[in-house]
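*Asks:* As input, take work.cif (mmCIF, C-alpha atoms):
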data_input
loop_
_atom_site.label_atom_id
_atom_site.label_comp_id
_atom_site.auth_asym_id
_atom_site.auth_seq_id
_atom_site.Cartn_x
_atom_site.Cartn_y
_atom_site.Cartn_z
CA MET A 1 69.29 95.43 30.92
CA GLY A 2 66.25 96.37 32.93
CA GLU A 3 65.06 99.77 33.89
CA LEU A 4 66.84 101.48 36.77
CA LYS A 5 64.59 102.49 39.65
CA LYS A 6 65.35 104.87 42.50
CA TYR A 7 65.01 103.74 46.10
CA THR A 8 65.88 105.11 49.50
CA ILE A 9 67.15 102.61 52.01
CA THR A 10 67.67 103.22 55.70
CA LEU A 11 70.73 101.73 57.33
CA ASN A 12 71.35 102.25 61.01
CA GLY A 13 68.85 105.12 60.98
CA SER A 14 70.47 106.99 58.08
CA LYS A 15 68.86 107.25 54.65
CA TYR A 16 70.77 106.43 51.46
CA PRO A 17 69.51 106.91 47.89
CA ILE A 18 70.29 104.04 45.52
CA THR A 19 69.36 102.99 42.00
CA ALA A 20 68.81 99.38 41.00
CA GLU A 21 67.08 97.22 38.41
CA ASP A 22 65.68 94.99 41.14
CA SER A 23 62.17 95.00 42.59
CA GLU A 24 61.36 96.99 45.70
CA GLU A 25 60.67 93.73 47.55
CA TYR A 26 64.22 92.55 46.80
CA ILE A 27 65.74 95.89 47.85
CA ARG A 28 63.76 95.79 51.12
CA LYS A 29 65.07 92.26 51.79
CA ILE A 30 68.61 93.54 51.39
CA GLU A 31 67.85 96.55 53.60
CA PHE A 32 66.39 94.27 56.29
CA TYR A 33 69.36 91.89 56.04
CA LEU A 34 71.91 94.69 56.37
CA ASN A 35 70.11 96.27 59.31
CA SER A 36 69.90 92.92 61.07
CA ARG A 37 73.67 92.46 60.54
CA ILE A 38 74.25 95.95 61.97
CA GLU A 39 72.15 95.13 65.03
CA LYS A 40 73.94 91.81 65.43
CA SER A 41 77.33 93.53 65.35
CA LYS A 42 76.13 96.12 67.89
CA ASP A 43 74.95 93.32 70.17
CA LYS A 44 78.37 91.63 69.99
CA SER A 45 80.45 94.71 70.71
CA GLY A 46 78.04 96.69 72.86
CA MET A 47 79.58 99.79 71.28
CA LEU A 48 77.90 102.53 69.30
CA TYR A 49 79.89 103.75 66.32
CA SER A 50 79.49 106.53 63.77
CA ASP A 51 77.66 105.63 60.57
CA ALA A 52 80.93 105.46 58.66
CA ILE A 53 82.50 103.01 61.12
CA THR A 54 79.29 100.98 61.40
CA LEU A 55 79.06 100.68 57.63
CA ALA A 56 82.77 99.80 57.36
CA ILE A 57 82.29 97.02 59.94
CA LEU A 58 79.19 95.89 58.07
CA SER A 59 81.12 95.85 54.79
CA ILE A 60 83.83 93.66 56.33
CA ASP A 61 81.20 91.33 57.80
CA VAL A 62 79.31 91.02 54.50
CA ALA A 63 82.56 90.53 52.53
CA ASP A 64 83.60 87.80 54.98
CA THR A 65 80.26 86.06 54.48
CA LEU A 66 80.56 86.45 50.69
CA PHE A 67 84.07 84.96 50.57
CA LYS A 68 83.10 82.03 52.80
CA THR A 69 80.01 81.40 50.69
CA GLN A 70 82.10 81.50 47.50
CA GLU A 71 84.50 78.95 49.02
CA GLN A 72 81.57 76.71 49.94
CA LEU A 73 80.15 77.09 46.43
CA SER A 74 83.50 76.15 44.87
CA SER A 75 83.72 73.12 47.14
CA LEU A 76 80.16 72.09 46.27
CA LYS A 77 80.88 72.50 42.56
CA ALA A 78 83.96 70.28 42.88
CA ASP A 79 81.97 67.72 44.87
CA SER A 80 79.13 67.74 42.34
CA LYS A 81 81.58 67.35 39.45
CA GLN A 82 83.11 64.35 41.19
CA LEU A 83 79.65 62.88 41.87
CA ILE A 84 78.65 63.36 38.24
CA GLU A 85 81.82 61.60 37.11
CA GLN A 86 81.08 58.73 39.52
CA PHE A 87 77.49 58.59 38.28
CA ASP A 88 78.64 58.45 34.66
CA LYS A 89 81.08 55.63 35.49
CA LEU A 90 78.46 53.69 37.47
CA SER A 91 75.87 54.29 34.75
CA GLY A 92 78.25 52.76 32.20
CA GLU A 93 78.92 49.80 34.51
CA TYR A 94 75.16 49.37 35.02
CA ASP A 95 74.52 49.37 31.27
CA SER A 96 77.28 46.81 30.78
CA ALA A 97 75.93 44.61 33.59
CA MET A 98 72.39 44.82 32.20
CA SER A 99 73.68 43.80 28.76
CA GLU A 100 75.51 40.84 30.30
CA ILE A 101 72.37 39.85 32.25
CA LYS A 102 70.33 39.95 29.03
CA SER A 103 72.93 37.79 27.30
CA LEU A 104 72.91 35.28 30.17
CA GLU A 105 69.11 35.20 30.20
CA ASP A 106 69.15 34.41 26.47
CA GLN A 107 71.67 31.60 27.09
CA ILE A 108 69.49 30.21 29.91
CA ALA A 109 66.42 30.27 27.65
CA LYS A 110 68.33 28.35 24.93
CA LEU A 111 69.61 25.81 27.48
CA ARG A 112 66.06 25.29 28.80
CA GLU A 113 64.88 24.60 25.27
CA LYS A 114 67.68 22.04 24.84
CA ILE A 115 66.76 20.38 28.17
CA ILE A 116 63.13 20.07 27.08
CA ILE A 117 64.18 18.58 23.74
CA LEU A 118 66.52 16.13 25.48
CA LYS A 119 63.83 15.10 28.01
CA MET A 120 61.50 14.35 25.08
CA GLY A 121 64.16 12.10 23.57
CA GLY A 122 65.27 14.47 20.87
CA LYS A 123 68.70 15.45 19.76
CA VAL A 124 70.34 18.87 20.03
CA ASP A 125 73.24 20.30 18.04
#
Will you turn the file into structure tokens for me?
*Replies:*
Amino acid sequence: MGELKKYTITLNGSKYPITAEDSEEYIRKIEFYLNSRIEKSKDKSGMLYSDAITLAILSIDVADTLFKTQEQLSSLKADSKQLIEQFDKLSGEYDSAMSEIKSLEDQIAKLREKIIILKMGGKVD
């Protein structure tokens, strides 16, 4: 594990000390994201709440987003698994078709040779 660093983030005007292994840039992205979600929720309701209520609402909002994202990820994983299975099947069919084409091309080449021999008056087996 990496080294824990101490940060202070400001949410809705209140400061909170945290420790994390992540870079300050990453922590500031999270801080900005959370504050933008707080502002968005204030804009929707038009109400001003205490920090505790604001952070509870924010927690619900972020959890909702997390669960929906996890559902989308699960769906995408299932879709990608199905696509990989289809690709594997089609890849096998392609290989089989290419083998058959090669075999037919060989047969055509042999038949052309026989035609040339026959046109020259020769005999073929």
*Asks:* Applied to this file, what does the PyMOL selection byres ((chain A and resi 52-54) around 12) return in terms of residues, put as a list in words?
*Replies:*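 Taken over the shown coordinates, the PyMOL selection byres ((chain A and resi 52-54) around 12) returns Leu11, Asn12, Gly13, Ser14, Leu34, Asn35, Arg37, Ile38, Glu39, Lys40, Ser41, Lys42, Ser45, Met47, Leu48, Tyr49, Ser50, Asp51, Leu55, Ala56, Ile57, Leu58, Ser59, Ile60 and Asp61 of chain A.
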*Asks:* Please compute the CA of Ala97 in chain A-CA of Lys81 in chain A distance, one decimal, in Å.
*Replies:*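 Rounded to one decimal, the two atoms are 24.2 Å apart.
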*Asks:* CA of Leu90 in chain A and CA of Gln107 in chain A, how far apart in Å?
*Replies:*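 Computed distance, CA of Gln107 in chain A to CA of Leu90 in chain A, equals 25.3 Å.
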*Asks:* The PyMOL selection byres ((chain A and resi 21-33) around 9) - which residues does that actually catch in the file I just gave you? List them as a PDB file with C-alpha atoms, in the frame of the given file.
*Replies:*
ATOM      1  CA  MET A   1      69.290  95.430  30.920  1.00  0.00           C
ATOM      2  CA  GLY A   2      66.250  96.370  32.930  1.00  0.00           C
ATOM      3  CA  GLU A   3      65.060  99.770  33.890  1.00  0.00           C
ATOM      4  CA  LEU A   4      66.840 101.480  36.770  1.00  0.00           C
ATOM      5  CA  LYS A   5      64.590 102.490  39.650  1.00  0.00           C
ATOM      6  CA  LYS A   6      65.350 104.870  42.500  1.00  0.00           C
ATOM      7  CA  TYR A   7      65.010 103.740  46.100  1.00  0.00           C
ATOM      8  CA  ILE A   9      67.150 102.610  52.010  1.00  0.00           C
ATOM      9  CA  THR A  10      67.670 103.220  55.700  1.00  0.00           C
ATOM     10  CA  LEU A  11      70.730 101.730  57.330  1.00  0.00           C
ATOM     11  CA  THR A  19      69.360 102.990  42.000  1.00  0.00           C
ATOM     12  CA  ALA A  20      68.810  99.380  41.000  1.00  0.00           C
ATOM     13  CA  LEU A  34      71.910  94.690  56.370  1.00  0.00           C
ATOM     14  CA  ASN A  35      70.110  96.270  59.310  1.00  0.00           C
ATOM     15  CA  SER A  36      69.900  92.920  61.070  1.00  0.00           C
ATOM     16  CA  ARG A  37      73.670  92.460  60.540  1.00  0.00           C
ATOM     17  CA  ILE A  38      74.250  95.950  61.970  1.00  0.00           C
TER      18      ILE A  38
END
*Asks:* Would you work out the distance separating CA of Ile108 in chain A from CA of Asp125 in chain A, expressed in Å to one decimal?
*Replies:*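 Between CA of Ile108 in chain A and CA of Asp125 in chain A the gap works out to 15.9 Å.
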